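K.L.:
My file is run05.cif. It has mmCIF, C-alpha atoms:
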data_structure
#
loop_
_atom_site.label_atom_id
_atom_site.label_comp_id
_atom_site.auth_asym_id
_atom_site.auth_seq_id
_atom_site.Cartn_x
_atom_site.Cartn_y
_atom_site.Cartn_z
CA MET A 1 -1.93 -8.83 16.90
CA SER A 2 -2.27 -7.29 20.32
CA ALA A 3 -4.98 -8.33 22.73
CA LEU A 4 -8.55 -7.29 22.08
CA PRO A 5 -8.98 -3.77 23.40
CA PRO A 6 -11.01 -3.31 26.57
CA ASP A 7 -14.74 -2.90 26.09
CA ASP A 8 -14.82 0.84 26.64
CA ARG A 9 -12.61 1.42 23.60
CA PRO A 10 -14.36 2.32 20.33
CA ARG A 11 -14.57 -0.54 17.85
CA PRO A 12 -16.48 -1.27 14.65
CA GLU A 13 -20.10 -1.90 15.56
CA SER A 14 -20.88 -4.42 12.85
CA LEU A 15 -19.61 -5.94 9.64
CA THR A 16 -21.48 -3.22 7.77
CA ASP A 17 -19.69 -0.56 9.81
CA LEU A 18 -16.38 -2.24 8.99
CA PHE A 19 -17.17 -2.43 5.27
CA VAL A 20 -18.36 1.18 5.03
CA SER A 21 -15.42 2.47 7.09
CA PHE A 22 -12.87 0.71 4.88
CA THR A 23 -14.62 1.77 1.70
CA LEU A 24 -14.57 5.41 2.82
CA LEU A 25 -10.92 5.09 3.80
CA ALA A 26 -9.99 3.62 0.44
CA LEU A 27 -11.87 6.30 -1.50
CA GLN A 28 -9.87 9.08 0.18
CA GLY A 29 -6.58 7.42 -0.62
CA PHE A 30 -5.27 9.10 -3.75
CA GLY A 31 -1.71 7.91 -4.28
CA GLY A 32 -1.90 5.33 -1.49
CA VAL A 33 -4.24 4.61 1.37
CA LEU A 34 -1.84 4.35 4.29
CA ALA A 35 -1.87 7.98 5.44
CA VAL A 36 -5.67 7.96 5.56
CA VAL A 37 -5.79 4.62 7.37
CA GLN A 38 -3.52 5.88 10.14
CA ARG A 39 -5.41 9.13 10.57
CA GLU A 40 -8.88 7.54 10.52
CA LEU A 41 -8.29 4.38 12.57
CA VAL A 42 -5.93 5.90 15.13
CA GLU A 43 -6.74 9.60 15.37
CA ASN A 44 -10.43 9.82 14.46
CA LYS A 45 -12.13 6.50 15.18
CA ARG A 46 -9.61 5.53 17.90
CA TRP A 47 -9.98 1.82 17.19
CA MET A 48 -6.27 1.43 17.91
CA THR A 49 -3.36 3.30 19.50
CA ARG A 50 -0.27 4.41 17.59
CA GLU A 51 1.68 1.58 19.19
CA GLU A 52 -0.88 -0.99 18.08
CA PHE A 53 -0.95 0.51 14.61
CA VAL A 54 2.83 0.18 14.27
CA GLU A 55 2.64 -3.43 15.48
CA ASP A 56 -0.03 -4.34 12.94
CA TRP A 57 1.75 -2.42 10.23
CA SER A 58 4.95 -4.39 10.94
CA VAL A 59 3.10 -7.61 10.26
CA ALA A 60 1.31 -6.22 7.20
CA GLN A 61 4.66 -5.08 5.84
CA ILE A 62 6.68 -8.22 6.40
CA MET A 63 4.05 -10.62 5.04
CA PRO A 64 3.79 -11.01 1.26
CA GLY A 65 0.93 -9.27 -0.47
CA PRO A 66 -0.22 -5.66 -0.69
CA ASN A 67 0.37 -3.90 2.64
CA VAL A 68 -2.94 -2.12 3.08
CA ILE A 69 -4.81 -5.25 2.03
CA ASN A 70 -2.93 -7.19 4.70
CA LEU A 71 -3.74 -4.48 7.22
CA ALA A 72 -7.44 -4.69 6.32
CA LEU A 73 -7.30 -8.47 6.84
CA ILE A 74 -5.59 -8.05 10.21
CA VAL A 75 -7.89 -5.34 11.56
CA GLY A 76 -11.07 -6.99 10.24
CA GLY A 77 -9.95 -10.37 11.58
CA ARG A 78 -9.24 -8.91 15.01
CA TYR A 79 -12.86 -7.86 15.54
CA PHE A 80 -14.90 -10.40 13.60
CA GLY A 81 -12.63 -13.35 12.78
CA LEU A 82 -12.50 -14.73 9.25
CA LYS A 83 -15.73 -12.94 8.28
CA GLY A 84 -14.25 -9.64 9.41
CA ALA A 85 -11.06 -10.25 7.44
CA LEU A 86 -13.02 -10.93 4.25
CA VAL A 87 -15.31 -7.94 4.79
CA GLY A 88 -12.29 -5.70 5.44
CA LEU A 89 -10.72 -6.94 2.22
CA ALA A 90 -13.94 -6.40 0.26
CA GLY A 91 -14.40 -2.92 1.71
CA MET A 92 -10.90 -1.94 0.64
CA LEU A 93 -11.32 -3.28 -2.91
CA ALA A 94 -14.91 -3.44 -4.19
CA VAL A 95 -15.93 0.19 -4.74
CA PRO A 96 -12.41 1.42 -5.59
CA LEU A 97 -12.19 -1.31 -8.25
CA VAL A 98 -15.34 -0.04 -10.00
CA LEU A 99 -14.03 3.51 -9.77
CA VAL A 100 -10.57 2.69 -11.15
CA LEU A 101 -12.17 0.89 -14.11
CA ALA A 102 -14.33 3.92 -14.82
CA ILE A 103 -11.26 6.15 -14.67
CA ALA A 104 -9.35 3.80 -16.97
CA LEU A 105 -12.16 4.00 -19.53
CA VAL A 106 -12.04 7.81 -19.75
CA TYR A 107 -8.28 8.13 -19.14
CA SER A 108 -7.20 7.64 -22.75
CA GLN A 109 -9.15 10.74 -23.84
CA PHE A 110 -7.55 13.00 -21.26
CA ALA A 111 -4.09 11.55 -20.77
CA GLU A 112 -2.52 14.02 -23.19
CA HIS A 113 -4.11 17.09 -21.60
CA PRO A 114 -1.32 19.09 -19.88
CA GLY A 115 -3.66 20.09 -17.05
CA VAL A 116 -4.39 16.45 -16.20
CA ALA A 117 -0.72 15.52 -16.19
CA GLY A 118 0.02 18.54 -13.99
CA ALA A 119 -2.80 17.73 -11.56
CA LEU A 120 -1.53 14.17 -11.20
CA ARG A 121 1.97 15.50 -10.54
CA GLY A 122 0.67 17.87 -7.87
CA MET A 123 -1.42 15.18 -6.17
CA GLY A 124 1.55 12.83 -6.28
CA ALA A 125 3.72 15.36 -4.43
CA VAL A 126 1.03 15.90 -1.77
CA ALA A 127 0.55 12.13 -1.35
CA ALA A 128 4.31 11.70 -0.88
CA GLY A 129 4.30 14.41 1.79
CA LEU A 130 1.41 12.72 3.63
CA ILE A 131 3.29 9.42 3.82
CA VAL A 132 6.42 11.10 5.21
CA SER A 133 4.19 12.90 7.69
CA THR A 134 2.56 9.64 8.81
CA GLY A 135 6.00 8.17 9.43
CA ILE A 136 7.03 11.21 11.49
CA LYS A 137 3.86 11.01 13.60
CA LEU A 138 4.46 7.35 14.33
CA ILE A 139 7.96 8.03 15.73
CA SER A 140 6.24 8.78 19.05
CA ALA A 141 5.05 5.15 19.13
CA LEU A 142 8.71 4.19 19.62
CA ASN A 143 8.98 5.94 23.02
CA THR A 144 8.08 2.79 24.91
CA ASN A 145 10.13 0.50 22.68
CA VAL A 146 12.15 -2.07 24.58
CA ILE A 147 15.30 -1.61 22.48
CA GLY A 148 15.62 2.05 23.53
CA TRP A 149 15.67 5.23 21.48
CA ARG A 150 19.36 4.97 20.52
CA TRP A 151 18.94 1.64 18.81
CA CYS A 152 15.66 2.78 17.29
CA ALA A 153 17.50 5.75 15.77
CA VAL A 154 20.37 3.62 14.47
CA LEU A 155 18.05 1.05 12.86
CA GLY A 156 15.76 3.72 11.46
CA LEU A 157 18.62 5.68 9.90
CA ALA A 158 20.13 2.49 8.47
CA CYS A 159 16.76 1.70 6.89
CA LEU A 160 16.48 5.21 5.39
CA VAL A 161 20.00 5.07 3.96
CA GLY A 162 19.49 1.54 2.62
CA ILE A 163 16.24 2.37 0.84
CA VAL A 164 16.61 6.01 -0.22
CA VAL A 165 20.36 6.39 -0.81
CA ILE A 166 21.67 2.93 -1.75
CA ARG A 167 18.30 1.78 -3.12
CA LEU A 168 18.63 -1.75 -1.80
CA PRO A 169 15.77 -4.16 -2.52
CA LEU A 170 13.17 -3.93 0.24
CA ALA A 171 13.42 -7.60 1.19
CA TYR A 172 17.16 -7.23 1.99
CA VAL A 173 16.50 -4.28 4.28
CA LEU A 174 13.50 -5.87 6.01
CA PHE A 175 15.17 -9.19 6.69
CA GLY A 176 18.70 -7.85 7.26
CA LEU A 177 17.86 -5.07 9.71
CA GLY A 178 14.89 -7.05 10.96
CA SER A 179 17.01 -9.90 12.26
CA VAL A 180 19.37 -7.47 14.06
CA ALA A 181 16.37 -5.70 15.62
CA PHE A 182 14.69 -8.98 16.56
CA THR A 183 17.84 -10.19 18.34
CA LEU A 184 18.18 -6.90 20.25
CA ALA A 185 14.57 -6.98 21.36
CA TYR A 186 14.66 -10.68 22.22
CA LYS A 187 17.64 -10.20 24.54
CA ARG A 188 15.98 -7.30 26.33
CA LEU A 189 12.61 -8.96 26.90
CA LYS A 190 12.15 -11.16 29.93
CA PRO A 191 11.56 -14.79 29.05
CA MET B 1 -2.76 3.67 -27.60
CA SER B 2 -0.57 3.80 -30.67
CA GLU B 3 -0.45 0.05 -31.19
CA THR B 4 -3.31 -2.30 -30.49
CA LEU B 5 -3.32 -5.98 -29.79
CA THR B 6 -5.87 -8.57 -30.80
CA LEU B 7 -5.47 -11.78 -28.89
CA ASN B 8 -7.01 -15.16 -29.18
CA LEU B 9 -6.67 -16.64 -25.72
CA GLY B 10 -7.69 -20.23 -24.95
CA MET B 11 -8.27 -22.02 -21.68
CA ALA B 12 -4.61 -22.93 -21.40
CA ASP B 13 -3.56 -19.28 -21.74
CA TRP B 14 -5.95 -18.13 -19.03
CA LEU B 15 -4.76 -20.92 -16.78
CA GLN B 16 -1.15 -19.86 -17.34
CA PHE B 17 -2.17 -16.25 -16.60
CA PHE B 18 -3.81 -17.27 -13.31
CA LEU B 19 -0.93 -19.54 -12.27
CA HIS B 20 1.58 -16.78 -12.91
CA TYR B 21 -0.21 -14.43 -10.51
CA LEU B 22 -0.56 -17.23 -7.98
CA SER B 23 3.19 -17.75 -8.12
CA LEU B 24 3.92 -14.02 -7.79
CA SER B 25 1.69 -13.55 -4.75
CA LEU B 26 4.08 -14.94 -2.17
CA LEU B 27 6.97 -13.03 -3.73
CA ALA B 28 5.20 -9.70 -3.25
CA ILE B 29 7.05 -8.75 -0.09
CA GLY B 30 6.67 -5.03 0.42
CA GLY B 31 3.63 -4.93 -1.79
CA ALA B 32 2.48 -5.94 -5.25
CA ILE B 33 4.62 -3.11 -6.62
CA ALA B 34 7.67 -5.31 -5.96
CA THR B 35 6.54 -7.73 -8.65
CA ILE B 36 6.22 -5.14 -11.42
CA PRO B 37 9.47 -6.04 -13.20
CA ASP B 38 8.49 -9.69 -13.42
CA MET B 39 4.95 -8.86 -14.50
CA HIS B 40 6.30 -6.71 -17.31
CA ARG B 41 8.53 -9.55 -18.45
CA PHE B 42 5.62 -12.00 -18.42
CA LEU B 43 2.84 -9.88 -19.93
CA VAL B 44 4.67 -7.55 -22.31
CA ASP B 45 7.95 -9.16 -23.32
CA GLN B 46 7.24 -12.87 -23.22
CA ASN B 47 3.56 -13.32 -24.13
CA LEU B 48 2.77 -10.01 -25.87
CA TRP B 49 -0.56 -9.86 -24.06
CA LEU B 50 -0.21 -6.16 -23.22
CA THR B 51 1.46 -3.24 -24.96
CA ASP B 52 4.02 -1.17 -23.10
CA ALA B 53 1.59 1.75 -23.12
CA GLN B 54 -1.19 -0.35 -21.57
CA PHE B 55 1.19 -1.66 -18.94
CA ASN B 56 2.41 1.79 -17.92
CA ALA B 57 -1.07 3.31 -17.98
CA SER B 58 -2.36 0.55 -15.68
CA VAL B 59 0.26 1.38 -13.08
CA ALA B 60 -0.16 5.15 -13.42
CA ILE B 61 -3.97 5.14 -13.23
CA ALA B 62 -4.08 2.87 -10.18
CA GLN B 63 -1.57 5.09 -8.39
CA ALA B 64 -3.45 8.28 -9.14
CA ALA B 65 -6.94 6.91 -8.50
CA PRO B 66 -8.29 6.56 -4.97
CA GLY B 67 -7.95 3.11 -3.47
CA PRO B 68 -5.14 0.65 -2.89
CA ASN B 69 -2.41 0.76 -5.52
CA VAL B 70 -2.72 -3.02 -5.98
CA LEU B 71 -5.67 -2.28 -8.27
CA PHE B 72 -3.11 -1.91 -11.06
CA ILE B 73 -3.22 -5.72 -11.14
CA ALA B 74 -6.95 -5.57 -11.86
CA LEU B 75 -6.39 -3.05 -14.65
CA MET B 76 -3.78 -5.28 -16.27
CA GLY B 77 -6.21 -8.21 -16.14
CA TRP B 78 -8.89 -5.98 -17.63
CA ASN B 79 -6.63 -4.85 -20.47
CA VAL B 80 -5.53 -8.40 -21.30
CA GLY B 81 -9.20 -9.40 -21.46
CA MET B 82 -10.11 -6.41 -23.63
CA ASN B 83 -7.25 -7.29 -25.96
CA ALA B 84 -8.82 -10.75 -26.14
CA GLY B 85 -11.92 -9.11 -27.46
CA SER B 86 -14.72 -8.51 -24.98
CA VAL B 87 -15.90 -7.07 -21.70
CA VAL B 88 -16.60 -10.60 -20.45
CA TYR B 89 -12.95 -11.48 -20.96
CA GLY B 90 -12.04 -8.22 -19.28
CA LEU B 91 -13.98 -9.23 -16.17
CA LEU B 92 -12.43 -12.71 -16.34
CA GLY B 93 -8.99 -11.10 -16.50
CA ILE B 94 -9.72 -8.95 -13.42
CA THR B 95 -11.01 -11.94 -11.47
CA LEU B 96 -8.12 -14.24 -12.30
CA ALA B 97 -5.42 -11.62 -11.74
CA MET B 98 -6.80 -10.38 -8.41
CA ALA B 99 -7.62 -13.86 -7.10
CA GLY B 100 -4.19 -15.13 -8.07
CA MET B 101 -2.42 -12.16 -6.54
CA LEU B 102 -4.42 -12.07 -3.30
CA ILE B 103 -5.39 -15.61 -2.31
CA PRO B 104 -1.98 -17.08 -1.35
CA SER B 105 -0.72 -13.97 0.45
CA SER B 106 -4.04 -13.38 2.26
CA VAL B 107 -4.32 -16.98 3.46
CA LEU B 108 -0.77 -16.79 4.78
CA THR B 109 -1.21 -13.37 6.41
CA TYR B 110 -4.51 -14.27 8.02
CA ASN B 111 -3.20 -17.52 9.50
CA ALA B 112 0.08 -15.98 10.63
CA THR B 113 -1.84 -13.17 12.34
CA GLN B 114 -4.18 -15.57 14.10
CA TRP B 115 -1.18 -17.61 15.23
CA GLY B 116 0.55 -14.45 16.44
CA HIS B 117 -2.55 -13.40 18.34
CA ARG B 118 -2.85 -16.76 20.12
CA ASN B 119 0.85 -16.59 20.99
CA ARG B 120 1.05 -12.88 21.71
CA ASN B 121 2.81 -13.45 25.05
CA LEU B 122 5.52 -15.53 23.46
CA ARG B 123 8.90 -13.86 23.79
CA ALA B 124 9.64 -14.24 20.07
CA VAL B 125 6.34 -12.66 19.01
CA ARG B 126 6.88 -9.67 21.32
CA ALA B 127 10.48 -9.34 20.15
CA PHE B 128 9.32 -9.32 16.51
CA LYS B 129 6.81 -6.53 17.11
CA GLN B 130 9.17 -4.42 19.20
CA GLY B 131 12.14 -4.93 16.91
CA MET B 132 10.33 -4.26 13.65
CA ALA B 133 8.71 -1.03 14.87
CA PRO B 134 11.61 1.40 14.22
CA ILE B 135 12.28 -0.22 10.85
CA VAL B 136 8.75 0.05 9.53
CA VAL B 137 8.39 3.63 10.77
CA ALA B 138 11.60 4.58 8.93
CA LEU B 139 10.39 2.66 5.91
CA LEU B 140 7.32 4.89 5.71
CA ILE B 141 9.47 7.99 5.65
CA ALA B 142 11.70 6.35 3.03
CA THR B 143 8.68 5.46 0.86
CA GLY B 144 7.45 9.04 0.99
CA LEU B 145 10.87 10.39 0.03
CA ILE B 146 11.14 8.00 -2.91
CA LEU B 147 7.67 8.94 -4.13
CA ALA B 148 8.53 12.63 -3.80
CA SER B 149 11.59 12.14 -5.99
CA ALA B 150 9.62 10.19 -8.62
CA SER B 151 9.29 13.13 -10.98
CA GLY B 152 12.91 14.17 -10.68
CA LYS B 153 15.56 14.89 -8.10
CA SER B 154 17.10 17.95 -9.71
CA LEU B 155 16.74 21.43 -8.24
CA ASP B 156 14.39 22.36 -11.08
CA HIS B 157 11.74 20.39 -9.27
CA TRP B 158 11.96 22.46 -6.08
CA PRO B 159 8.30 23.53 -6.22
CA LEU B 160 7.22 19.87 -6.04
CA TRP B 161 9.50 19.27 -3.06
CA LEU B 162 8.18 22.40 -1.41
CA LEU B 163 4.59 21.25 -1.95
CA ALA B 164 5.39 17.80 -0.52
CA GLY B 165 7.13 19.37 2.48
CA VAL B 166 4.36 21.87 3.22
CA SER B 167 1.71 19.11 2.90
CA ALA B 168 3.69 16.94 5.31
CA VAL B 169 3.85 19.71 7.94
CA ILE B 170 0.15 20.62 7.60
CA PHE B 171 -0.91 16.97 7.83
CA TRP B 172 1.32 16.46 10.85
CA ARG B 173 0.31 19.59 12.74
CA THR B 174 -3.35 20.10 11.88
CA GLN B 175 -6.52 18.08 11.39
CA LEU B 176 -7.17 19.55 7.94
CA HIS B 177 -8.90 16.97 5.76
CA ILE B 178 -6.69 15.02 3.38
CA LEU B 179 -8.90 15.82 0.38
CA TRP B 180 -8.29 19.58 0.75
CA LEU B 181 -4.56 19.02 0.53
CA LEU B 182 -4.93 16.80 -2.53
CA ALA B 183 -7.23 19.33 -4.16
CA VAL B 184 -4.70 22.13 -3.66
CA GLY B 185 -1.98 19.90 -5.17
CA ALA B 186 -4.21 19.11 -8.15
CA LEU B 187 -5.03 22.79 -8.75
CA LEU B 188 -1.41 23.92 -8.52
CA GLY B 189 -0.49 21.20 -11.02
CA TRP B 190 -3.41 21.91 -13.33
CA PHE B 191 -2.38 25.55 -13.76
CA GLY B 192 1.23 24.54 -14.26
CA TRP B 193 2.57 26.31 -11.17
CA ILE B 194 4.51 23.28 -10.03
#
Would you mind giving the structure from this file in structure tokens?

P.N.:
Amino acid sequence: MSALPPDDRPRPESLTDLFVSFTLLALQGFGGVLAVVQRELVENKRWMTREEFVEDWSVAQIMPGPNVINLALIVGGRYFGLKGALVGLAGMLAVPLVLVLAIALVYSQFAEHPGVAGALRGMGAVAAGLIVSTGIKLISALNTNVIGWRWCAVLGLACLVGIVVIRLPLAYVLFGLGSVAFTLAYKRLKP
Amino acid sequence: MSETLTLNLGMADWLQFFLHYLSLSLLAIGGAIATIPDMHRFLVDQNLWLTDAQFNASVAIAQAAPGPNVLFIALMGWNVGMNAGSVVYGLLGITLAMAGMLIPSSVLTYNATQWGHRNRNLRAVRAFKQGMAPIVVALLIATGLILASASGKSLDHWPLWLLAGVSAVIFWRTQLHILWLLAVGALLGWFGWI
């Protein structure tokens, strides 16, 4: 949602580039695509900064619908308008859909194999670690936040406790803490 | 699958199927995963279009496979169609489920984003982005912790926690490719070491 980056910043060259990039991202995302998206778009391709990524992710998260799909719509739409949004969406879904169907077709024959169950368990643990790691990396994007690091810490800890310890429904946490955070930020920004 | 279903679905059933996903789309705040309880009620308990085993396998496969986890919706559509008797119905099920799930939320997200971009200097828009940032960053960490505890929180599972922790540190501190980490996790699991 931030302004278009200046011209010297890397950006997708074409709709094909966008489609291929998102397809490759999606295909690396075992157990969730988010960790890959952050690393590829921010650290490798440098299409966006950490701050911009957190901004876009906030929108993707608060809007209904699958988060990474929303993010693909937002990033694609930023560069190429409606066409870009649709191509981003297609890139994220088309090839992975064919692959997941193929896996579903062979799954029933291997589901009982202890090695397969173990491998899935191991990959699940790694994927969980990668998501935590992505969150930790993005903490640095909060340095310039207008509400200050103390409030960032308070809100962040409240969110962690609400979701992990009390297991509140996500919508309560997002809208409850979100309205506190919005008010704090609104007061601190100049009109 | 221990039990199998043979369905005879008419136009009205498919329409109801599509409308149900349409209605769930805008409720999927925090992702399609948030609608799983309702989907189970609709597909398994109420209409008997899917078996419990098919439902659970759809979620598990989509989570393990590469790609967005929302593809579990496509797998459910596929399984309903296959229960109705043919690959053509399977493809119809995928199309209706995914279109229903994605169209309302995508239209809303796209338009809201365009609006936000045009009004990016508005105080409220800037306050939203600044305010939400610490919450969504913490939410990522929370999501990872919940996923890590999915196979059990007891101390018996310490090797899994250790693996998750070591992966997190390596991913944070190095540029090692994500697929190497996943491959190590898969191997450790395959040989039963974790």

K.L.:
List the spatial neighbours of segment 82-85 of chain B as a list in words - criterion: any atom at most 8 Å away, all atoms listed in the file, same-chain residues fewer than 3 positions off excluded.

P.N.:
Thr4, Leu5, Thr6, Leu7, Asn8, Leu9, Trp49, Leu50, Trp78, Asn79, Tyr89 and Gly90 of chain B

K.L.:
So how far away is atom CA of Pro169 of chain A from atom CA of Arg121 of chain A, in Å?

P.N.:
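Value for the atom CA of Arg121 of chain A-atom CA of Pro169 of chain A distance: 25.3 Å.
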
K.L.:
Expand the PyMOL selection byres ((chain B and resi 120-131) around 9) into the explicit residue set it covers here, and present it as an mmCIF file with C-alpha atoms, in the frame of the given file.

P.N.:
data_model
loop_
_atom_site.group_PDB
_atom_site.id
_atom_site.type_symbol
_atom_site.label_atom_id
_atom_site.label_comp_id
_atom_site.auth_asym_id
_atom_site.auth_seq_id
_atom_site.Cartn_x
_atom_site.Cartn_y
_atom_site.Cartn_z
ATOM 1 C CA MET A 1 -1.930 -8.830 16.900
ATOM 2 C CA SER A 2 -2.270 -7.290 20.320
ATOM 3 C CA ALA A 3 -4.980 -8.330 22.730
ATOM 4 C CA VAL A 54 2.830 0.180 14.270
ATOM 5 C CA GLU A 55 2.640 -3.430 15.480
ATOM 6 C CA ASP A 56 -0.030 -4.340 12.940
ATOM 7 C CA SER A 58 4.950 -4.390 10.940
ATOM 8 C CA VAL A 59 3.100 -7.610 10.260
ATOM 9 C CA LEU A 142 8.710 4.190 19.620
ATOM 10 C CA ASN A 145 10.130 0.500 22.680
ATOM 11 C CA VAL A 146 12.150 -2.070 24.580
ATOM 12 C CA ILE A 147 15.300 -1.610 22.480
ATOM 13 C CA CYS A 152 15.660 2.780 17.290
ATOM 14 C CA GLY A 178 14.890 -7.050 10.960
ATOM 15 C CA SER A 179 17.010 -9.900 12.260
ATOM 16 C CA VAL A 180 19.370 -7.470 14.060
ATOM 17 C CA ALA A 181 16.370 -5.700 15.620
ATOM 18 C CA PHE A 182 14.690 -8.980 16.560
ATOM 19 C CA THR A 183 17.840 -10.190 18.340
ATOM 20 C CA LEU A 184 18.180 -6.900 20.250
ATOM 21 C CA ALA A 185 14.570 -6.980 21.360
ATOM 22 C CA TYR A 186 14.660 -10.680 22.220
ATOM 23 C CA LYS A 187 17.640 -10.200 24.540
ATOM 24 C CA ARG A 188 15.980 -7.300 26.330
ATOM 25 C CA LEU A 189 12.610 -8.960 26.900
ATOM 26 C CA LYS A 190 12.150 -11.160 29.930
ATOM 27 C CA PRO A 191 11.560 -14.790 29.050
ATOM 28 C CA TRP B 115 -1.180 -17.610 15.230
ATOM 29 C CA GLY B 116 0.550 -14.450 16.440
ATOM 30 C CA HIS B 117 -2.550 -13.400 18.340
ATOM 31 C CA ARG B 118 -2.850 -16.760 20.120
ATOM 32 C CA ASN B 119 0.850 -16.590 20.990
ATOM 33 C CA MET B 132 10.330 -4.260 13.650
ATOM 34 C CA ALA B 133 8.710 -1.030 14.870
ATOM 35 C CA PRO B 134 11.610 1.400 14.220
ATOM 36 C CA ILE B 135 12.280 -0.220 10.850
#

K.L.:
Taking all atoms listed in the file into account, name the residue in B:Ser105, B:Pro68, B:Leu92, B:Ala142 that is nearest to Leu15 of chain B.

P.N.:
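Using all atoms listed in the file, Leu15 of chain B sits closest to B:Leu92.
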
K.L.:
Please identify all polymer residues within 10 Å of Ile33 of chain B, counting all atoms listed in the file, omitting same-chain residues fewer than 5 positions from it, and present them as a JSON list (two decimals) with C-alpha atoms, in the coordinates of the input.

P.N.:
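As written to disk, around01.json reads:
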[["chain", "number", "residue", "atom", "x", "y", "z"],
["A", 65, "GLY", "CA", 0.93, -9.27, -0.47],
["A", 66, "PRO", "CA", -0.22, -5.66, -0.69],
["B", 28, "ALA", "CA", 5.20, -9.70, -3.25],
["B", 39, "MET", "CA", 4.95, -8.86, -14.50],
["B", 59, "VAL", "CA", 0.26, 1.38, -13.08],
["B", 69, "ASN", "CA", -2.41, 0.76, -5.52],
["B", 70, "VAL", "CA", -2.72, -3.02, -5.98],
["B", 72, "PHE", "CA", -3.11, -1.91, -11.06],
["B", 73, "ILE", "CA", -3.22, -5.72, -11.14]]

K.L.:
When you look at Ser21 of chain A with a cut-off of 12 Å (counting only C-alpha atoms), what residues show up, excluding the ones that are within fewer than 6 positions of it in the same chain? I need them as a PyMOL selection string.

P.N.:
chain A and resi 11-15+27-28+36-37+40-41+44-45+47+72+75-76+87-92

K.L.:
Interatomic distance between atom CA of Trp151 of chain A and atom CA of Ala164 of chain B?

P.N.:
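One can read the atom CA of Trp151 of chain A to atom CA of Ala164 of chain B distance as 28.6 Å.
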
K.L.:
With all atoms listed in the file as the counted atoms, please give the residues lying no more than 9 Å from Gly185 of chain B, apart from itself and same-chain residues fewer than 6 positions off, as number ranges by chain.

P.N.:
A: 119-126; B: 163-164, 167, 194
